[in-house]
Amino acid sequence: MDAAQAVHEKFLAALAGGRLPDRVDAPDPAIVGLSRADATDIFLSQLTSRQMDRLSRHLQARGEGFYTIGSSGHEGNAAVAAALRVTDMAFLHYRSNAFQLHRARSVPGQAPTWDMLLSFAASSEDPISGGRHKVIGSKPLNIPPQTSTIASHLPKAVGAAFSIGIARRLGMSGLPLPDDAVVLTSFGDASANHSTAQGAFNTAGWAAFQGSPMPLIFLCEDNGIGISTRTPTGWIEAQFRHRAGLHYIKCDGTDLVSAYAGAAEAADYARRTRRPVFLHMATVRLYGHAGSDVQGAYLPKALIEADEARDPLLAGAALMAEHGWMTPGEIADAYEEIGGTLARQAEAAILRPKIITPAHVMESLIPPKREVARPNTPSAEDRKAMFGSDAGAMDKPQHMARLLSWALADLMLAHKEIVVAGEDVGPKGGVYNVTAKLHQRFGSARVVNTLLDEQAILGLAIGMAHNDFLPMPEIQFLAYVHNAEDQIRGEAATLSFFSDGQYTNPMVLRIAGLGYQKGFGGHFHNDNSLAVFRDIPGVILAVPSNGRDAVAMLRECVRLAREEQRVVVFVEPIALYMTRDLHEEGDGLWTSAYEAPGDGTPIRLGQVGVFGDGNDLAIVTYGNGYYLSRQAEKILAGEGVRVRVIDLRWLGPVDADALVAAVGDAKRVLIVDECRITGSQSEALMALFVERTPDKKLARIAADDSFIPLGRAATLTLPSRDSIVAAAKELLA
Amino acid sequence: MSVRKTAIVVAPGRGTYGKNELGSIARLHGARFGDLIANFDAQRRERGQPTVSELDGADRFSVGVHMRGDVAAPLIYTATALDFLGIDRDKFDIVAVAGNSMGWYSALALGGAVSVEDGFRISNAMGLNSQTHGPGGQILLQVVDEDWRAVPDLRETLLALVADIATRPGHALALSIDLAGMLVLAGNEEGLAALLAEAPPTPGRDPLRLAGHGPFHTPLMFGSSDKAMAELPHSLFHRPALPLVDGRGHVWRRHASDPAAIWDYTFGHQILAPYDFARSVQVAVKEYAPDVVILPGPGDTLGGAIAQSLIGIGWQGILSKADFAARQAADPILLSMGRADQRELVTGTR
């Protein structure tokens with residue numbers, strides 16, 4: 001017999017035969033503050049969740065449902081929902097049906113079972129994902145949708161919780177998370193082992209250990225197994241009972257009163273002390289990991305039976321019967337009635353519209369634009385006061401690092417919701433001084449020195465963005481982003497897509513990167529591949545090549561994040577930070593005077609930069625490649641070759657029309673790409689020109705597929721001024 | 001075994017017992033429910049009020065008499081409750097109950113949260129009680145076109161205007177009932193006058209002031225709320241026997257609902273805040289997916305609002321008045337007991 005059916009029949013038989021478990025050791029509902037109405041309502045949500053699991057399997061068998069990872073055995077999380085407020089944002093894992101169903105009980109006008117059935121059926125009317133994924137999530141219920149990347153939602157829960165304390169320090173109000181909110185995030189015992197989860201526990205503990213507010217509940221729903229691998233007995237408790245910065249609470253999720261008591265204690269603790277709690281809730285996993293999983297193949301029968309005996313519905317039924325709130329007969333009737341109702345709903349839900357065009361699928365890749373509060377427009381006096389002695393230097397030519405630091409200061413002055421966060425960005429001002437003086441000017445609530453964990457930095461940004469901050473996280477070196485890339489790839493970039501544009505996490509992620517650092521640093525400080533960002537739908541990738549552009553582009557990036565809710569990656573070429581000269585020492589051609597906000601020409605998304613109008617050759621490049629190409633151009637010009645040099649500026653998305661227009665009547669196109677050739681921009685550009693301008697002669701040079709060595713060898717694998725000149729001549733020949 | 005159809009029942013509110021309904025209580029229910037009618041009559045007599053039988057049996061319909069709250073409410077309640085009792089339960093499995101405005105009091109009784117007799121007591125008391133308010137009333141405005149599709153932006157524009165007027169000194173104005181295709185707005189005389197003067201043109205008939213109606217479902221009704229709480233005790237309320245969907249779209253489940261909480265909602269929020277009828281119907285059909293919606297009680301005027309609520313969510317592919325009419329002709333989804341042909345389908349008797 002199907003395992004789900006077996007559990008179902010056992011429950012009915014227990015009700016019919018009066019064989020309900022003994023609740024002798026379980027707490028009394030009155031003592032934990034649970035009324036008859038509340039306890040019964042939780043129990044009904046649990047019955048509903050269970051029947052939905054059964055239904056999802058039936059729908060899948062008919063080809064009408066597309067998701068069978070269920071919540072059976074985890075229905076204790078309905079009691080957690082009861083212990084929290086709807087304004088307590090919840091980042092939930094995938095066995096949380098009962099939580100969502102029950103939270104909906106506190107928001108009148110919700111149709112939670114219907115909504116969830118629409119998601120089972122992948123209907124475009126599914127109110128959370130628009131039919132794109134079966135996710136637990138809801139905008140009115142403050143449950144941002146999570147996908148199933150294990151534990152990758154924990155860092156942002158930490159960030160969201162952290163943002164509550166920051167908002168209080170800054171006196172901000174009217175944010176999605178009220179001042180007294182707590183944040184909940186749930187996961188299983190197996191996911192608790194994931195390095196991402198461990199990083200989140202560590203970050204929350206690290207912050208709380210030094211007194212930073214962190215009103216957060218880590219809810220570990222411990223069913224003792226991850227797919228087929230059992231968690232060692234006692235492992236979770238042994239790990240977390242004494243972990244620094246975390247307060248440990250244990251409860252039994254198979255008994256709704258115990259679950260409620262534990263959750264209420266956790267919520268009270270987190271709300272009152274603003275410190276993180278690890279709520280360890282025992283659960284069971286009934287009938288396997290998902291619909292296709294037969295747990296009898298890897299678990300002893302006795303263990304399966306022991307888990308089934310701890311079915312939370314049995315304990316709930318015992319509670320009801322014990323207090324005379326529902327008789328076993330009434331429970332059986334209610335359970336069958338719920339099943340019947342769901343079956344009717346499902347027949348209606350599967351008829352609802354589906355997504356049928358690619359355009360509709362992709363509609364929410366890019367978030368909707370939003371109305372934003374007008375920025376604070378600082379007066380000249382405000383700016384003068386902020387910049388102090390720097391003001392006098394502003395009309396003198398400066399290098400990119402300094403210009404960026406001033407642009408950041410101006411942006412933070414204009415937009416109170418901007419928070420800068422990263423390793424050493426505080427009093428030190430970052431490794432390259434780009435965040436210099438920001439800490440002094442805006443304080444530690446807005447310039448956050450983080451711990452050494454890139455997942456934590458990006459999670460902080462994503463979580464803060466959920467609470468309407470505009471984070472500008474910094475990753476110290478491009479190579480460091482790789483251990484955390486899923487926070488962008490799997491989390492930040494997908495949020496709008498999976499929430500049908502309802503949840504967004506706009507941010508401007510600044511990363512120092514790329515090569516040419518005169519032999520210093522080796523590979524990990526000179527990483528020259530941007531491929532990690534190039535294939536993520538919806539993410540914007542900007543690479544400025546000079547200070548003036550960098551300022552204008554950073555302002556555009558902030559506008560894109562604020563007004564268009566975009567996730568923007570802004571890669572700053574380290575080698576050009578302090579570069580002052582282009583052709584010869586002292587020419588100062590790579591510096592510029594600072595343009596105050598509103599001055600100068602804006603650079604909009606997709607706009608390319610063009611130097612010269614030569615039509616013998618167009619060099620298409622970006623970043624350090626642009627700098628070197630400008631040097632090459634002078635040499636070529638000296639030999640009578642008329643060259644134009646085009647700076648892409650925006651690598652994702654490339655505005656193909658603008659680029660083709662910029663190339664114009666140039667007869668030849670040379671692509672210069674400082675990144676490793678495989679996966680580099682040059683690949684896409686070659687394809688673009690072949691398709692769009694087949695009449696032009698085309699060539700490229702790019703970096704070799706190598707890591708960067710130290711010393712004089714550092715640039716051997718990279719394009720150089722001379723190799724550009726040589727490639728140009730070859731193309732001209 | 002016959003296959004029963006599932007049904008939700010939606011109890012109508014004020015303005016449904018009209019000239020055509022005069023005598024209908026005696027005619028339709030006199031024989032079968034004489035005892036209950038006698039009980040209702042006795043309750044009225046005890047309070048020195050003309051009885052339901054007298055009012056229903058009047059020679060002619062009088063707007064001045066029959067439309068007054070203390071008369072209309074008990075008549076509507078009686079017709080609704082007795083119709084409900086007449087539904088053929090061998091044919092229909094009633095899966096949830098909702099109501100519109102004073103129809104909520106009827107819904108309480110239909111769903112078993114109060115007894116049928118106490119339902120009368122509450123409706124009767126509230127009919128009188130609802131006249132306890134300052135000067136003001138309700139205005140009805142249409143926000144859908146002739147095919148019952150939403151006129152773009154009209155609802156938002158009106159609600160923005162209402163919010164704006166409400167901020168002006170001496171003006172009270174708020175949404176009272178959302179009927180999907182129509183909005184009932186309520187306020188004091190200043191608020192209503194400003195609305196009439198400034199409202200953009202709306203489709204259908206001119207904005208209609210509802211005769212004899214107070215500023216129901218707004219804070220101006222606080223006197224009524226206080227009085228209801230003082231007069232009508234908790235003890236009248238029980239755990240419902242059927243799920244009840246209230247004027248917020250909240251579902252009061254069987255077994256779990258606290259009678260004191262239903263009491264509190266009924267005489268608090270329900271009186272003082274907007275009644276979202278459209279939402280209640282939409283939640284009821286989504287969460288209970290019934291085969292049909294039964295509209296008991298006098299007349300069938302609420303049928304339009306029910307249909308428009310279904311159109312609002314494209315329920316079962318019904319996207320317009322024409323779709324609804326086609327569905328009604330082929331296999332009716334809405335059964336109005338005030339219409340003889342549909343009544344027969346519901347009661348199984350002529």
# chains A, B, ... in the order shown; residues from 1 in each chain; ligands from 1
>>> interface_residues(of="chain B", to="chain A", cutoff="7 Å", atoms="only C-alpha atoms", output="list in words")
Arg248, Gly249, His250, His255, Ala256, Ser257, Asp258, Arg279, Val283, Lys286, Glu287, Tyr288 and Ala289 of chain B
>>> write_last_selection(atoms="N, CA and C atoms", output="mmCIF file, in the first residue's frame")
data_model
loop_
_atom_site.group_PDB
_atom_site.id
_atom_site.type_symbol
_atom_site.label_atom_id
_atom_site.label_comp_id
_atom_site.auth_asym_id
_atom_site.auth_seq_id
_atom_site.Cartn_x
_atom_site.Cartn_y
_atom_site.Cartn_z
ATOM 1 N N ARG B 248 -15.397 40.232 6.706
ATOM 2 C CA ARG B 248 -13.982 40.503 6.395
ATOM 3 C C ARG B 248 -13.434 39.406 5.497
ATOM 4 N N GLY B 249 -14.266 38.374 5.281
ATOM 5 C CA GLY B 249 -13.744 37.197 4.591
ATOM 6 C C GLY B 249 -13.039 36.251 5.546
ATOM 7 N N HIS B 250 -13.259 36.434 6.836
ATOM 8 C CA HIS B 250 -12.695 35.495 7.811
ATOM 9 C C HIS B 250 -13.635 34.304 7.954
ATOM 10 N N HIS B 255 -16.181 23.776 15.354
ATOM 11 C CA HIS B 255 -15.371 23.253 16.464
ATOM 12 C C HIS B 255 -14.446 24.298 17.079
ATOM 13 N N ALA B 256 -13.782 25.076 16.216
ATOM 14 C CA ALA B 256 -12.695 25.895 16.742
ATOM 15 C C ALA B 256 -13.144 27.280 17.191
ATOM 16 N N SER B 257 -14.298 27.730 16.721
ATOM 17 C CA SER B 257 -14.600 29.144 16.934
ATOM 18 C C SER B 257 -15.103 29.407 18.348
ATOM 19 N N ASP B 258 -14.569 30.462 18.913
ATOM 20 C CA ASP B 258 -14.942 30.862 20.258
ATOM 21 C C ASP B 258 -16.221 31.711 20.179
ATOM 22 N N ARG B 279 -15.640 40.111 -0.894
ATOM 23 C CA ARG B 279 -14.575 39.255 -0.389
ATOM 24 C C ARG B 279 -15.158 38.016 0.296
ATOM 25 N N VAL B 283 -14.124 34.392 -0.871
ATOM 26 C CA VAL B 283 -13.458 33.437 0.022
ATOM 27 C C VAL B 283 -14.306 32.169 0.144
ATOM 28 N N LYS B 286 -13.918 30.063 -3.000
ATOM 29 C CA LYS B 286 -12.561 29.515 -3.128
ATOM 30 C C LYS B 286 -12.318 28.422 -2.096
ATOM 31 N N GLU B 287 -12.712 28.666 -0.870
ATOM 32 C CA GLU B 287 -12.366 27.737 0.199
ATOM 33 C C GLU B 287 -13.334 26.570 0.324
ATOM 34 N N TYR B 288 -14.504 26.679 -0.280
ATOM 35 C CA TYR B 288 -15.466 25.562 -0.190
ATOM 36 C C TYR B 288 -15.898 25.025 -1.548
ATOM 37 N N ALA B 289 -15.481 25.694 -2.612
ATOM 38 C CA ALA B 289 -15.715 25.217 -3.981
ATOM 39 C C ALA B 289 -17.080 24.543 -4.146
#
>>> select_by_dssp(residues="stretch 154-265 of chain B", states="strand (DSSP E)", output="list in words")
Leu173, Ala174, Leu175, Ser176, Ile177, Asp178, Met182, Leu183, Val184, Leu185, Ala186, Gly187, Leu208, Arg209, Leu244, Val245, Val251 and Trp252 of chain B
>>> residues_around(residues="B:Arg155", least_positions_apart="4", cutoff="12 Å", atoms="only C-alpha atoms", output="JSON list (two decimals) with C-alpha atoms, in the first residue's frame")
[["chain", "number", "residue", "atom", "x", "y", "z"],
["B", 141, "LEU", "CA", -22.58, 53.78, -6.60],
["B", 142, "GLN", "CA", -21.95, 51.45, -9.49],
["B", 143, "VAL", "CA", -18.36, 50.69, -10.46],
["B", 144, "VAL", "CA", -18.88, 48.15, -13.27],
["B", 145, "ASP", "CA", -20.07, 48.63, -16.82],
["B", 149, "ARG", "CA", -16.84, 44.32, -15.84],
["B", 150, "ALA", "CA", -14.87, 46.71, -13.68],
["B", 151, "VAL", "CA", -14.58, 50.21, -15.12],
["B", 159, "LEU", "CA", -12.11, 55.29, -2.74],
["B", 160, "ALA", "CA", -9.40, 57.92, -2.99],
["B", 161, "LEU", "CA", -12.08, 60.62, -3.07],
["B", 162, "VAL", "CA", -13.79, 59.07, -0.06],
["B", 175, "LEU", "CA", -16.68, 52.60, 2.51],
["B", 178, "ASP", "CA", -18.29, 46.41, -1.01],
["B", 179, "LEU", "CA", -20.80, 44.70, -3.27],
["B", 180, "ALA", "CA", -18.25, 44.00, -6.01],
["B", 181, "GLY", "CA", -20.12, 45.79, -8.78],
["B", 182, "MET", "CA", -21.38, 48.48, -6.49],
["B", 183, "LEU", "CA", -19.94, 50.32, -3.56],
["B", 184, "VAL", "CA", -22.03, 51.45, -0.66],
["B", 185, "LEU", "CA", -20.50, 54.52, 0.90],
["B", 199, "ALA", "CA", -17.92, 61.92, -7.50],
["B", 200, "PRO", "CA", -16.95, 61.26, -11.11],
["B", 201, "PRO", "CA", -19.74, 60.00, -13.36],
["B", 202, "THR", "CA", -20.55, 56.37, -12.65],
["B", 203, "PRO", "CA", -22.27, 53.88, -14.94]]
>>> closest_residue(among="B:Ser123, B:Thr6, B:Ser101, B:Ser24", to="B:Arg89", atoms="only C-alpha atoms")
B:Thr6
>>> closest_residue(among="B:Arg254, B:Arg168, B:Arg327, B:Arg209", to="B:Gly191", atoms="only C-alpha atoms")
B:Arg168
>>> residues_around(residues="A:Thr450", least_positions_apart="3", cutoff="10 Å", atoms="only C-alpha atoms", output="number ranges by chain")
A: 203, 206-207, 421-426, 447, 453-454, 456-457, 460, 473-474
>>> atom_distance(atom1="atom CA of A:His439", atom2="atom CA of A:Phe469")
17.3 Å
>>> residues_around(residues="stretch 39-41 of chain B", least_positions_apart="6", cutoff="12 Å", atoms="only C-alpha atoms", output="list in words")
Phe33, Arg47, Gly48, Gln49, Pro50, Thr51, Val52, Ser53, Glu54, Leu55, Asp56, Pro74, Leu75, Tyr77, Thr78, Ala79, Ala81, Leu82, Val116, Glu117, Asp118, Gly119, Phe120, Arg121, Ile122, Ser123 and Asn124 of chain B
>>> residues_around(residues="A:Val7", least_positions_apart="3", cutoff="9 Å", atoms="only C-alpha atoms", output="list in words")
Asp2, Ala3, Ala4, Lys10, Phe11, Leu12, Leu286, Tyr287, Glu308 and Asp311 of chain A
>>> select_by_dssp(residues="stretch 386-479 of chain A", states="alpha helix (DSSP H)", output="VMD selection string")
chain A and resid 386 to 387 400 to 414 438 to 442 454 to 466
>>> closest_residue(among="A:Ala157, A:Leu175, A:Leu451, A:Ala596", to="A:Asp395", atoms="only C-alpha atoms")
A:Ala596
>>> closest_residue(among="B:Leu244, B:Leu173, B:Ala11, B:Val97", to="B:Asp83", atoms="only C-alpha atoms")
B:Ala11
>>> closest_residue(among="B:Phe324, B:Tyr17, B:Leu154, B:Gly297", to="B:Gly86", atoms="only C-alpha atoms")
B:Gly297
>>> residues_around(residues="A:Gly18", least_positions_apart="4", cutoff="12 Å", atoms="only C-alpha atoms", output="PyMOL selection string")
chain A and resi 10-14+22+314+317-318+321-322+327-329+331-332
>>> closest_residue(among="A:Met52, A:Leu177, A:Met116, A:Ile249", to="A:Glu265", atoms="only C-alpha atoms")
A:Ile249
>>> atom_distance(atom1="atom CA of B:Val251", atom2="atom CA of B:Ser309")
17.2 Å
